[in-house]
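K.L.:
Contents of coords-v2.tsv (TSV, C-alpha atoms):
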```tsv
chain	number	residue	atom	x	y	z
A	1	MET	CA	106.60	100.31	111.91
A	2	SER	CA	105.31	96.88	110.97
A	3	THR	CA	107.16	94.34	108.89
A	4	ILE	CA	105.74	93.47	105.48
A	5	LEU	CA	108.34	90.94	104.38
A	6	GLU	CA	110.61	88.77	106.43
A	7	CYS	CA	113.10	86.15	105.23
A	8	LYS	CA	115.18	83.88	107.41
A	9	GLY	CA	118.00	81.83	105.96
A	10	LEU	CA	116.26	81.83	102.61
A	11	THR	CA	118.08	79.54	100.21
A	12	LYS	CA	117.23	78.24	96.77
A	13	THR	CA	119.23	75.81	94.72
A	14	PHE	CA	118.50	74.46	91.25
A	15	GLY	CA	120.27	71.10	91.18
A	16	ARG	CA	123.82	71.87	92.18
A	17	LYS	CA	123.52	75.55	91.40
A	18	LYS	CA	122.91	77.82	94.38
A	19	VAL	CA	120.81	80.76	93.24
A	20	LEU	CA	120.00	82.33	96.59
A	21	SER	CA	122.08	81.72	99.62
A	22	ASN	CA	121.02	82.27	103.22
A	23	ILE	CA	119.15	85.55	102.82
A	24	ASP	CA	118.11	87.25	106.06
A	25	LEU	CA	115.93	90.25	105.48
A	26	GLU	CA	113.26	92.32	107.18
A	27	LEU	CA	111.45	95.02	105.24
A	28	GLU	CA	109.27	97.70	106.78
A	29	THR	CA	105.80	98.63	105.55
A	30	GLY	CA	105.41	101.88	103.65
A	31	LYS	CA	108.65	101.95	101.70
A	32	ILE	CA	109.59	101.90	98.06
A	33	ILE	CA	112.39	99.40	97.83
A	34	GLY	CA	114.82	98.71	95.01
A	35	LEU	CA	115.90	95.10	94.52
A	36	LEU	CA	119.13	95.60	92.64
A	37	GLY	CA	121.67	93.27	91.16
A	38	PRO	CA	123.21	92.34	87.82
A	39	ASN	CA	121.74	89.69	85.54
A	40	GLY	CA	121.68	86.30	87.20
A	41	SER	CA	122.08	87.62	90.75
A	42	GLY	CA	118.83	86.02	91.95
A	43	LYS	CA	116.36	88.93	91.78
A	44	THR	CA	113.64	87.08	89.87
A	45	THR	CA	114.13	83.92	91.90
A	46	PHE	CA	113.67	85.95	95.06
A	47	ILE	CA	110.46	87.51	93.76
A	48	LYS	CA	109.14	84.14	92.61
A	49	LEU	CA	109.79	82.64	96.03
A	50	VAL	CA	107.82	85.43	97.68
A	51	ASN	CA	105.01	84.75	95.21
A	52	ASP	CA	104.90	81.05	95.93
A	53	LEU	CA	105.90	80.22	92.36
A	54	LEU	CA	108.99	78.49	93.68
A	55	THR	CA	109.57	76.65	96.94
A	56	PRO	CA	112.57	77.48	99.10
A	57	THR	CA	115.25	74.83	99.44
A	58	ALA	CA	115.80	76.06	102.98
A	59	GLY	CA	114.71	78.92	105.18
A	60	GLU	CA	111.40	80.70	105.33
A	61	ILE	CA	109.44	83.70	104.11
A	62	ARG	CA	106.63	85.61	105.83
A	63	ILE	CA	104.51	88.22	104.08
A	64	ALA	CA	102.68	90.32	106.68
A	65	GLY	CA	102.97	87.22	108.84
A	66	PHE	CA	101.63	84.79	106.21
A	67	LYS	CA	103.58	82.01	104.54
A	68	PRO	CA	103.48	82.36	100.74
A	69	GLY	CA	100.10	80.94	99.68
A	70	VAL	CA	96.46	81.89	99.22
A	71	GLU	CA	96.40	84.43	102.05
A	72	SER	CA	99.58	86.15	100.95
A	73	LYS	CA	98.45	86.31	97.32
A	74	LYS	CA	95.40	88.32	98.36
A	75	ILE	CA	97.66	91.13	99.50
A	76	VAL	CA	100.48	90.85	96.97
A	77	SER	CA	100.22	92.39	93.51
A	78	TYR	CA	102.82	90.87	91.23
A	79	LEU	CA	104.22	92.07	87.94
A	80	PRO	CA	106.09	89.14	86.39
A	81	GLU	CA	108.97	89.64	83.99
A	82	LYS	CA	106.97	87.95	81.22
A	83	THR	CA	103.35	88.45	80.30
A	84	TYR	CA	101.02	85.61	81.16
A	85	LEU	CA	97.86	87.20	79.79
A	86	ASN	CA	95.93	85.65	76.94
A	87	GLU	CA	96.95	87.15	73.63
A	88	TRP	CA	93.48	86.89	72.08
A	89	MET	CA	91.81	88.89	74.83
A	90	LYS	CA	90.90	92.54	74.62
A	91	VAL	CA	92.25	94.78	77.37
A	92	GLU	CA	88.71	95.43	78.62
A	93	GLN	CA	88.11	91.68	78.88
A	94	ILE	CA	91.26	91.28	80.91
A	95	ILE	CA	90.08	94.08	83.20
A	96	GLU	CA	86.83	92.21	83.72
A	97	PHE	CA	88.82	89.07	84.43
A	98	PHE	CA	90.92	90.88	87.03
A	99	SER	CA	87.78	92.37	88.62
A	100	ASP	CA	86.45	88.83	89.13
A	101	PHE	CA	89.76	87.53	90.30
A	102	TYR	CA	90.95	90.12	92.83
A	103	GLU	CA	88.78	91.66	95.54
A	104	ASP	CA	91.04	94.69	95.70
A	105	PHE	CA	91.06	95.45	91.97
A	106	HIS	CA	89.73	98.86	90.88
A	107	ALA	CA	88.67	98.80	87.23
A	108	ASP	CA	88.15	102.58	87.08
A	109	LYS	CA	91.73	103.12	88.15
A	110	ALA	CA	92.98	100.73	85.46
A	111	TYR	CA	90.98	102.56	82.77
A	112	GLU	CA	92.33	105.89	83.96
A	113	MET	CA	95.93	104.69	83.70
A	114	LEU	CA	95.35	103.13	80.29
A	115	GLN	CA	93.97	106.41	79.03
A	116	LYS	CA	96.98	108.35	80.32
A	117	LEU	CA	99.26	105.93	78.48
A	118	ASN	CA	97.19	106.22	75.29
A	119	LEU	CA	96.19	102.58	75.26
A	120	ASN	CA	92.86	101.56	73.81
A	121	PRO	CA	90.85	99.18	76.06
A	122	GLY	CA	89.16	97.75	72.95
A	123	ASP	CA	92.44	96.49	71.48
A	124	ARG	CA	93.44	92.88	71.59
A	125	LEU	CA	96.74	92.08	73.26
A	126	LYS	CA	98.09	90.31	70.17
A	127	THR	CA	97.86	93.54	68.17
A	128	MET	CA	100.07	95.37	70.66
A	129	SER	CA	103.83	95.85	70.79
A	130	LYS	CA	105.95	94.40	73.58
A	131	GLY	CA	106.22	97.76	75.34
A	132	MET	CA	102.46	98.35	75.09
A	133	LYS	CA	101.76	94.95	76.61
A	134	GLU	CA	104.11	95.74	79.46
A	135	LYS	CA	102.26	98.99	80.09
A	136	VAL	CA	98.90	97.17	80.13
A	137	GLN	CA	100.23	94.71	82.62
A	138	LEU	CA	101.60	97.41	84.86
A	139	CYS	CA	98.24	99.22	84.82
A	140	LEU	CA	96.55	96.01	85.93
A	141	VAL	CA	99.01	95.42	88.71
A	142	MET	CA	98.92	98.99	90.03
A	143	ALA	CA	95.10	99.09	89.91
A	144	ARG	CA	95.00	96.71	92.82
A	145	GLN	CA	94.91	98.06	96.35
A	146	ALA	CA	97.57	95.67	97.58
A	147	LYS	CA	99.78	95.69	100.65
A	148	LEU	CA	102.84	94.62	98.71
A	149	TYR	CA	103.60	95.29	95.07
A	150	LEU	CA	106.33	93.15	93.55
A	151	LEU	CA	107.43	94.62	90.26
A	152	ASP	CA	109.95	92.56	88.32
A	153	GLU	CA	111.69	94.90	85.87
A	154	PRO	CA	108.75	97.26	85.32
A	155	ILE	CA	110.66	99.88	83.36
A	156	GLY	CA	113.00	97.74	81.27
A	157	GLY	CA	111.03	97.60	78.06
A	158	VAL	CA	109.16	100.88	77.93
A	159	ASP	CA	110.08	104.20	76.34
A	160	PRO	CA	111.51	107.04	78.48
A	161	ALA	CA	108.28	109.09	78.45
A	162	ALA	CA	106.27	106.12	79.67
A	163	ARG	CA	109.01	105.40	82.20
A	164	ASP	CA	108.41	108.84	83.75
A	165	TYR	CA	104.68	108.20	83.82
A	166	ILE	CA	105.23	104.81	85.44
A	167	LEU	CA	107.41	106.33	88.14
A	168	GLU	CA	104.79	109.02	88.63
A	169	THR	CA	102.13	106.32	88.92
A	170	ILE	CA	104.21	104.53	91.50
A	171	ILE	CA	104.61	107.75	93.52
A	172	ASN	CA	100.90	108.52	93.23
A	173	ASN	CA	99.69	105.08	94.21
A	174	TYR	CA	102.04	104.77	97.06
A	175	ASN	CA	100.60	105.08	100.55
A	176	LYS	CA	101.81	104.43	104.05
A	177	ASP	CA	100.14	101.04	104.23
A	178	SER	CA	101.64	99.63	101.09
A	179	THR	CA	105.13	98.62	100.13
A	180	ILE	CA	106.60	98.48	96.66
A	181	ILE	CA	109.55	96.30	95.69
A	182	ILE	CA	111.01	97.08	92.28
A	183	SER	CA	113.65	94.87	90.76
A	184	THR	CA	115.80	96.54	88.16
A	185	HIS	CA	119.28	97.26	86.96
A	186	LEU	CA	118.30	100.68	85.59
A	187	ILE	CA	119.16	102.40	88.84
A	188	ALA	CA	119.88	105.94	87.70
A	189	ASP	CA	116.30	106.31	86.44
A	190	ILE	CA	114.71	105.09	89.58
A	191	GLU	CA	117.01	106.07	92.42
A	192	LYS	CA	115.09	109.23	93.33
A	193	VAL	CA	111.88	107.34	94.02
A	194	LEU	CA	113.47	104.67	96.22
A	195	ASP	CA	113.65	104.78	100.01
A	196	TYR	CA	115.69	101.71	100.43
A	197	VAL	CA	117.84	99.41	98.34
A	198	ILE	CA	118.87	95.77	98.52
A	199	PHE	CA	121.88	94.60	96.54
A	200	LEU	CA	122.07	90.97	95.46
A	201	LYS	CA	125.33	89.55	94.19
A	202	ASP	CA	125.67	85.92	93.14
A	203	GLY	CA	122.67	85.03	95.27
A	204	GLU	CA	123.94	86.76	98.38
A	205	LEU	CA	122.67	89.85	100.09
A	206	VAL	CA	125.63	92.22	99.97
A	207	LEU	CA	123.97	95.46	101.07
A	208	SER	CA	120.68	96.71	102.40
A	209	SER	CA	120.41	100.38	103.27
A	210	PHE	CA	118.47	103.62	102.88
A	211	VAL	CA	119.31	105.54	99.70
A	212	ASP	CA	120.07	108.77	101.53
A	213	GLU	CA	122.26	106.91	104.02
A	214	ILE	CA	124.36	105.60	101.18
A	215	ARG	CA	124.64	109.07	99.70
A	216	ALA	CA	125.52	110.60	103.07
A	217	GLU	CA	128.05	107.96	104.09
A	218	GLN	CA	129.66	107.23	100.75
A	219	GLY	CA	129.26	110.62	99.10
A	220	LYS	CA	128.03	108.98	95.93
A	221	SER	CA	124.81	107.90	94.31
A	222	VAL	CA	123.46	104.37	94.54
A	223	ASP	CA	123.97	104.09	90.81
A	224	LYS	CA	127.67	104.80	91.19
A	225	LEU	CA	128.03	102.49	94.17
A	226	PHE	CA	126.31	99.74	92.20
A	227	LYS	CA	128.79	100.13	89.36
A	228	GLU	CA	131.65	99.83	91.82
A	229	VAL	CA	130.27	96.82	93.67
A	230	PHE	CA	129.48	94.98	90.45
A	231	LYS	CA	132.45	96.08	88.39
A	232	CYS	CA	133.11	93.48	85.72
B	1	MET	CA	109.47	119.29	85.43
B	2	PRO	CA	111.60	117.03	87.59
B	3	TRP	CA	114.12	118.78	89.79
B	4	ASN	CA	117.78	118.09	89.27
B	5	PHE	CA	119.87	116.56	91.98
B	6	GLU	CA	123.56	116.18	92.58
B	7	ASN	CA	124.72	112.61	92.84
B	8	ASP	CA	127.03	112.88	95.79
B	9	ARG	CA	124.67	114.14	98.49
B	10	PRO	CA	121.48	112.90	100.14
B	11	ILE	CA	118.37	113.81	98.17
B	12	TYR	CA	116.45	115.07	101.17
B	13	ILE	CA	119.10	117.70	101.93
B	14	GLN	CA	118.88	118.92	98.35
B	15	LEU	CA	115.09	119.10	98.68
B	16	VAL	CA	115.44	121.19	101.84
B	17	GLU	CA	117.74	123.60	100.01
B	18	ARG	CA	115.47	123.80	97.03
B	19	ILE	CA	112.36	124.57	99.07
B	20	GLN	CA	114.29	127.10	101.14
B	21	LEU	CA	115.19	128.82	97.90
B	22	LEU	CA	111.54	128.83	96.81
B	23	ILE	CA	110.64	130.49	100.11
B	24	PHE	CA	113.51	133.02	100.07
B	25	SER	CA	112.89	133.99	96.47
B	26	GLY	CA	109.23	134.65	97.20
B	27	THR	CA	107.80	131.83	95.10
B	28	TYR	CA	106.26	130.68	98.36
B	29	PRO	CA	105.89	133.95	100.34
B	30	ALA	CA	105.36	134.08	104.11
B	31	GLY	CA	102.07	132.55	105.15
B	32	THR	CA	101.32	130.68	101.91
B	33	LYS	CA	99.96	127.19	101.92
B	34	LEU	CA	102.34	124.62	100.50
B	35	PRO	CA	101.21	121.89	98.09
B	36	SER	CA	100.66	118.44	99.63
B	37	VAL	CA	103.57	116.08	100.17
B	38	ARG	CA	102.34	113.95	97.31
B	39	ASP	CA	102.08	116.89	94.90
B	40	LEU	CA	105.49	118.18	95.86
B	41	ALA	CA	106.97	114.68	95.57
B	42	ASN	CA	105.38	114.34	92.18
B	43	GLU	CA	106.68	117.66	90.98
B	44	ALA	CA	110.19	116.81	92.10
B	45	ALA	CA	109.81	113.20	90.93
B	46	VAL	CA	111.05	111.89	94.26
B	47	ASN	CA	109.90	109.42	96.86
B	48	PRO	CA	107.12	110.90	99.06
B	49	ASN	CA	108.93	109.70	102.19
B	50	THR	CA	112.00	111.67	101.16
B	51	MET	CA	109.87	114.78	100.60
B	52	GLN	CA	108.23	114.20	103.96
B	53	ARG	CA	111.63	114.08	105.58
B	54	ALA	CA	112.69	117.33	103.91
B	55	LEU	CA	109.52	119.08	105.07
B	56	ALA	CA	110.03	117.75	108.59
B	57	LYS	CA	113.51	119.27	108.59
B	58	LEU	CA	112.15	122.64	107.41
B	59	GLU	CA	109.54	122.45	110.12
B	60	GLU	CA	112.21	121.75	112.70
B	61	ASP	CA	114.07	124.83	111.46
B	62	GLY	CA	110.88	126.87	111.87
B	63	LEU	CA	110.42	127.83	108.23
B	64	ILE	CA	107.33	125.69	107.81
B	65	ILE	CA	104.41	125.29	110.16
B	66	THR	CA	101.99	122.37	110.08
B	67	GLN	CA	98.39	123.00	110.96
B	68	ARG	CA	96.85	119.71	111.80
B	69	THR	CA	93.72	120.02	109.73
B	70	SER	CA	94.61	122.39	106.95
B	71	GLY	CA	98.10	121.42	105.86
B	72	ARG	CA	101.51	123.02	105.76
B	73	PHE	CA	102.25	126.73	105.55
B	74	VAL	CA	105.31	128.88	105.17
B	75	THR	CA	105.81	130.66	108.49
B	76	GLU	CA	104.29	134.14	108.78
B	77	ASP	CA	107.27	135.25	110.78
B	78	GLU	CA	109.13	137.33	108.19
B	79	LYS	CA	112.00	137.91	110.62
B	80	MET	CA	112.51	134.18	110.82
B	81	ILE	CA	112.66	133.92	107.04
B	82	LYS	CA	115.10	136.81	106.87
B	83	LYS	CA	117.26	135.20	109.53
B	84	ALA	CA	117.39	131.88	107.66
B	85	ARG	CA	118.06	133.71	104.43
B	86	ASP	CA	120.94	135.67	105.96
B	87	LYS	CA	122.35	132.50	107.40
B	88	LEU	CA	122.35	130.86	103.98
B	89	VAL	CA	124.09	133.85	102.41
B	90	GLN	CA	126.71	133.89	105.13
B	91	GLU	CA	127.37	130.19	104.69
B	92	GLN	CA	127.78	130.54	100.96
B	93	ILE	CA	130.03	133.60	101.21
B	94	ASN	CA	132.07	131.90	103.88
B	95	GLU	CA	132.57	128.87	101.64
B	96	PHE	CA	133.62	131.18	98.82
B	97	LEU	CA	136.04	133.15	101.01
B	98	VAL	CA	137.74	130.00	102.25
B	99	LYS	CA	138.28	128.88	98.66
B	100	ILE	CA	139.63	132.28	97.66
B	101	GLN	CA	141.98	132.38	100.63
B	102	ASP	CA	143.30	128.99	99.61
B	103	LEU	CA	144.11	130.51	96.24
B	104	GLY	CA	146.25	133.08	98.05
B	105	PHE	CA	144.16	136.23	97.79
B	106	GLY	CA	144.33	138.76	100.63
B	107	LYS	CA	141.39	140.65	102.14
B	108	GLU	CA	141.91	143.95	100.29
B	109	GLU	CA	142.51	142.20	97.02
B	110	VAL	CA	139.27	140.20	97.27
B	111	LEU	CA	137.30	143.25	98.30
B	112	ALA	CA	138.69	145.28	95.39
B	113	ILE	CA	137.83	142.59	92.88
B	114	ILE	CA	134.32	142.14	94.23
B	115	THR	CA	133.67	145.90	94.31
B	116	LYS	CA	134.86	146.24	90.72
B	117	MET	CA	132.73	143.31	89.55
B	118	LEU	CA	129.65	144.61	91.32
B	119	GLU	CA	130.13	147.99	89.63
B	120	GLU	CA	130.43	146.34	86.26
B	121	MET	CA	127.24	144.37	86.93
B	122	LYS	CA	125.54	147.70	87.79
B	123	ILE	CA	123.53	146.27	90.65
```
What's the structure tokens form of this structure?
P.N.:
Amino acid sequence: MSTILECKGLTKTFGRKKVLSNIDLELETGKIIGLLGPNGSGKTTFIKLVNDLLTPTAGEIRIAGFKPGVESKKIVSYLPEKTYLNEWMKVEQIIEFFSDFYEDFHADKAYEMLQKLNLNPGDRLKTMSKGMKEKVQLCLVMARQAKLYLLDEPIGGVDPAARDYILETIINNYNKDSTIIISTHLIADIEKVLDYVIFLKDGELVLSSFVDEIRAEQGKSVDKLFKEVFKC
Amino acid sequence: MPWNFENDRPIYIQLVERIQLLIFSGTYPAGTKLPSVRDLANEAAVNPNTMQRALAKLEEDGLIITQRTSGRFVTEDEKMIKKARDKLVQEQINEFLVKIQDLGFGKEEVLAIITKMLEEMKI
């Protein structure tokens, strides 16, 4: 089993505030991984560091052996928490844009997903609701044939029916050579599709384990364990 | 239709049980080809790796046979299926009997109640 993502002593501080603290992590290829933690635990910061949108204060990251940068971005498909697409563009124009931009982008796959989600490729983004925009963005991200998918809260804003379709899409697009990291706090919905979970608490890695190991050892679901670990 | 799972046990074990049931009940009779891992995972709405693990366990138990080029099949050995089925029944009855004993029922008493209930069910 090869390693897709490796972090050593990864630390990020904003001024005096420590957001991630000394994270050591090694993730295998071919898994669907849940990055779990309450609000403000460092999930998005972690994902941004892997995407080279932030620079570590200390420590290092390797993605399939590459430092975050041009080479790593070729193999990482990233769904940010906010949309960055141009509001005036039509979905089909954005698809064209993605086709130019990413070698591994499959336009036909994107169109197929849009159709399943009842989204019209001729519509402009600015005429769409927040949830619809999120769906468009997810279609774009999943239409790439990437080695690592980093999905920051992909199911937060969409309706339950679309949530099922999104999980189905994730299952369908998954293959042994790719890895999917999903950050979320909606664990109950997603637990069944995860192999592995990582718990972040106040910027520290408090648990990393296989879902079925947690269930076997603790006799409870990850969702329940999460509620206990992060009890307010 | 997603399958339902209990929260306190590993998902792969529950998948094993569920597929066993599909085989025992004749939904997947002896010798039938099973859907692909991906299709099964999709139907159950679970991680394909977890489904893979469940199928590997069933293969280890001899209920499923993998043919390298053509996929997975339920074993054609009906005796084997019957044996596994009997084992499951015995386990479940055993579990039940232990519970009933804990409640203080004796052998004859349990037997009498079961006989009466079976008659009422007209099986």
K.L.:
Once you count all atoms listed in the file, which residues end up no further than 8 Å from (111.3, 101.7, 101.6) in the file's frame, shown as a ChimeraX atom specification?
P.N.:
/A:27-33,179-180,194-197,210
K.L.:
Near Phe96 (chain B), within 12 Å and counting only C-alpha atoms, which residues show up once chain neighbours fewer than 6 positions away are dropped, as number ranges by chain?
P.N.:
B: 89-90, 102-103, 105, 110, 114
K.L.:
Quick one: which chain B residues come within 8 Å of chain A, and what is the nearest atom pair for each with the distance in Å to one decimal, counting all atoms listed in the file, rows ordered by chain and ascending number, as JSON lines?
P.N.:
```
{"residue": "B:Asn7", "atom": "CA", "partner": "A:Ser221", "partner_atom": "CA", "distance": 4.9}
{"residue": "B:Asp8", "atom": "CA", "partner": "A:Lys220", "partner_atom": "CA", "distance": 4.0}
{"residue": "B:Arg9", "atom": "CA", "partner": "A:Arg215", "partner_atom": "CA", "distance": 5.2}
{"residue": "B:Pro10", "atom": "CA", "partner": "A:Asp212", "partner_atom": "CA", "distance": 4.6}
{"residue": "B:Ile11", "atom": "CA", "partner": "A:Asp212", "partner_atom": "CA", "distance": 6.3}
{"residue": "B:Tyr12", "atom": "CA", "partner": "A:Asp212", "partner_atom": "CA", "distance": 7.3}
{"residue": "B:Arg38", "atom": "CA", "partner": "A:Asn172", "partner_atom": "CA", "distance": 6.9}
{"residue": "B:Ala41", "atom": "CA", "partner": "A:Ile171", "partner_atom": "CA", "distance": 7.6}
{"residue": "B:Asn42", "atom": "CA", "partner": "A:Glu168", "partner_atom": "CA", "distance": 6.4}
{"residue": "B:Ala45", "atom": "CA", "partner": "A:Glu168", "partner_atom": "CA", "distance": 6.9}
{"residue": "B:Val46", "atom": "CA", "partner": "A:Val193", "partner_atom": "CA", "distance": 4.6}
{"residue": "B:Asn47", "atom": "CA", "partner": "A:Val193", "partner_atom": "CA", "distance": 4.0}
{"residue": "B:Pro48", "atom": "CA", "partner": "A:Ile171", "partner_atom": "CA", "distance": 6.8}
{"residue": "B:Asn49", "atom": "CA", "partner": "A:Asp195", "partner_atom": "CA", "distance": 7.2}
{"residue": "B:Thr50", "atom": "CA", "partner": "A:Asp195", "partner_atom": "CA", "distance": 7.2}
```
K.L.:
Output the selection as a PDB file, in the frame of the given file - C-alpha atoms for each residue.
P.N.:
```pdb
ATOM      1  CA  ASN B   7     124.720 112.610  92.840  1.00  0.00           C
ATOM      2  CA  ASP B   8     127.030 112.880  95.790  1.00  0.00           C
ATOM      3  CA  ARG B   9     124.670 114.140  98.490  1.00  0.00           C
ATOM      4  CA  PRO B  10     121.480 112.900 100.140  1.00  0.00           C
ATOM      5  CA  ILE B  11     118.370 113.810  98.170  1.00  0.00           C
ATOM      6  CA  TYR B  12     116.450 115.070 101.170  1.00  0.00           C
ATOM      7  CA  ARG B  38     102.340 113.950  97.310  1.00  0.00           C
ATOM      8  CA  ALA B  41     106.970 114.680  95.570  1.00  0.00           C
ATOM      9  CA  ASN B  42     105.380 114.340  92.180  1.00  0.00           C
ATOM     10  CA  ALA B  45     109.810 113.200  90.930  1.00  0.00           C
ATOM     11  CA  VAL B  46     111.050 111.890  94.260  1.00  0.00           C
ATOM     12  CA  ASN B  47     109.900 109.420  96.860  1.00  0.00           C
ATOM     13  CA  PRO B  48     107.120 110.900  99.060  1.00  0.00           C
ATOM     14  CA  ASN B  49     108.930 109.700 102.190  1.00  0.00           C
ATOM     15  CA  THR B  50     112.000 111.670 101.160  1.00  0.00           C
TER      16      THR B  50
END
```
K.L.:
Can you tell me which residues surround region 2-19 of chain A at a distance of at most 6 Å, considering only C-alpha atoms, apart from same-chain residues fewer than 2 positions away, and format the answer as a ChimeraX atom specification?
P.N.:
/A:21-29,42,56-64,203
K.L.:
Within 8 Å of Val16 (chain B), counting only C-alpha atoms, which residues qualify if same-chain residues fewer than 3 places away don't, as an mmCIF file with C-alpha atoms, in the coordinates of the input?
P.N.:
```cif
data_model
loop_
_atom_site.group_PDB
_atom_site.id
_atom_site.type_symbol
_atom_site.label_atom_id
_atom_site.label_comp_id
_atom_site.auth_asym_id
_atom_site.auth_seq_id
_atom_site.Cartn_x
_atom_site.Cartn_y
_atom_site.Cartn_z
ATOM 1 C CA TYR B 12 116.450 115.070 101.170
ATOM 2 C CA ILE B 13 119.100 117.700 101.930
ATOM 3 C CA ILE B 19 112.360 124.570 99.070
ATOM 4 C CA GLN B 20 114.290 127.100 101.140
ATOM 5 C CA ALA B 54 112.690 117.330 103.910
ATOM 6 C CA LEU B 55 109.520 119.080 105.070
ATOM 7 C CA LYS B 57 113.510 119.270 108.590
ATOM 8 C CA LEU B 58 112.150 122.640 107.410
#
```
K.L.:
One decimal, in Å: what's the spacing between CA of Phe5 (chain B) and CA of Glu43 (chain B)?
P.N.:
13.3 Å
K.L.:
For Glu59 (chain B), please output as a list of chain:residue names all residues within 12 Å (counting only C-alpha atoms; exclusion window: fewer than 3 positions along the same chain).
P.N.:
B:Val16, B:Ile19, B:Gln20, B:Gln52, B:Arg53, B:Ala54, B:Leu55, B:Ala56, B:Gly62, B:Leu63, B:Ile64, B:Ile65, B:Thr66, B:Gln67, B:Arg72, B:Phe73, B:Val74, B:Thr75
K.L.:
Would you mind telling me which residue in A:Ala161, A:Ala110, A:Val91, A:Leu148 lies nearest to Thr127 (chain A) when using all atoms listed in the file?
P.N.:
A:Val91
K.L.:
List as a tab-separated table (two decimals) with C-alpha atoms, keeping the file's coordinate frame the residues having at least one atom at most 12 Å from position (97.8, 134.3, 101.0) as given in the file, counting only C-alpha atoms.
P.N.:
```tsv
chain	number	residue	atom	x	y	z
B	27	THR	CA	107.80	131.83	95.10
B	28	TYR	CA	106.26	130.68	98.36
B	29	PRO	CA	105.89	133.95	100.34
B	30	ALA	CA	105.36	134.08	104.11
B	31	GLY	CA	102.07	132.55	105.15
B	32	THR	CA	101.32	130.68	101.91
B	33	LYS	CA	99.96	127.19	101.92
B	34	LEU	CA	102.34	124.62	100.50
B	73	PHE	CA	102.25	126.73	105.55
B	74	VAL	CA	105.31	128.88	105.17
B	75	THR	CA	105.81	130.66	108.49
B	76	GLU	CA	104.29	134.14	108.78
```
K.L.:
Taking all atoms listed in the file into account, which of A:Ile187, A:Ala146, A:Ile181, A:Leu49 comes nearest Phe105 (chain A)?
P.N.:
A:Ala146
K.L.:
What is the CA of Pro160 (chain A) to CA of Lys82 (chain A) distance in Å?
P.N.:
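Taking CA of Pro160 (chain A) and CA of Lys82 (chain A), their separation equals 19.8 Å.
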K.L.:
Work out how far apart CA of Gln93 (chain A) and CA of Gln137 (chain A) are and give it in Å to one decimal.
P.N.:
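Interatomic distance here is 13.0 Å.
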K.L.:
Identify, on the basis of all atoms listed in the file, every residue whose closest approach to Arg85 (chain B) does not exceed 10 Å; exclude the query and any residue fewer than 2 positions from it along the same chain; express the result as an MDAnalysis selection string.
P.N.:
chainID B and resid 20:21 23:25 79:83 87:91
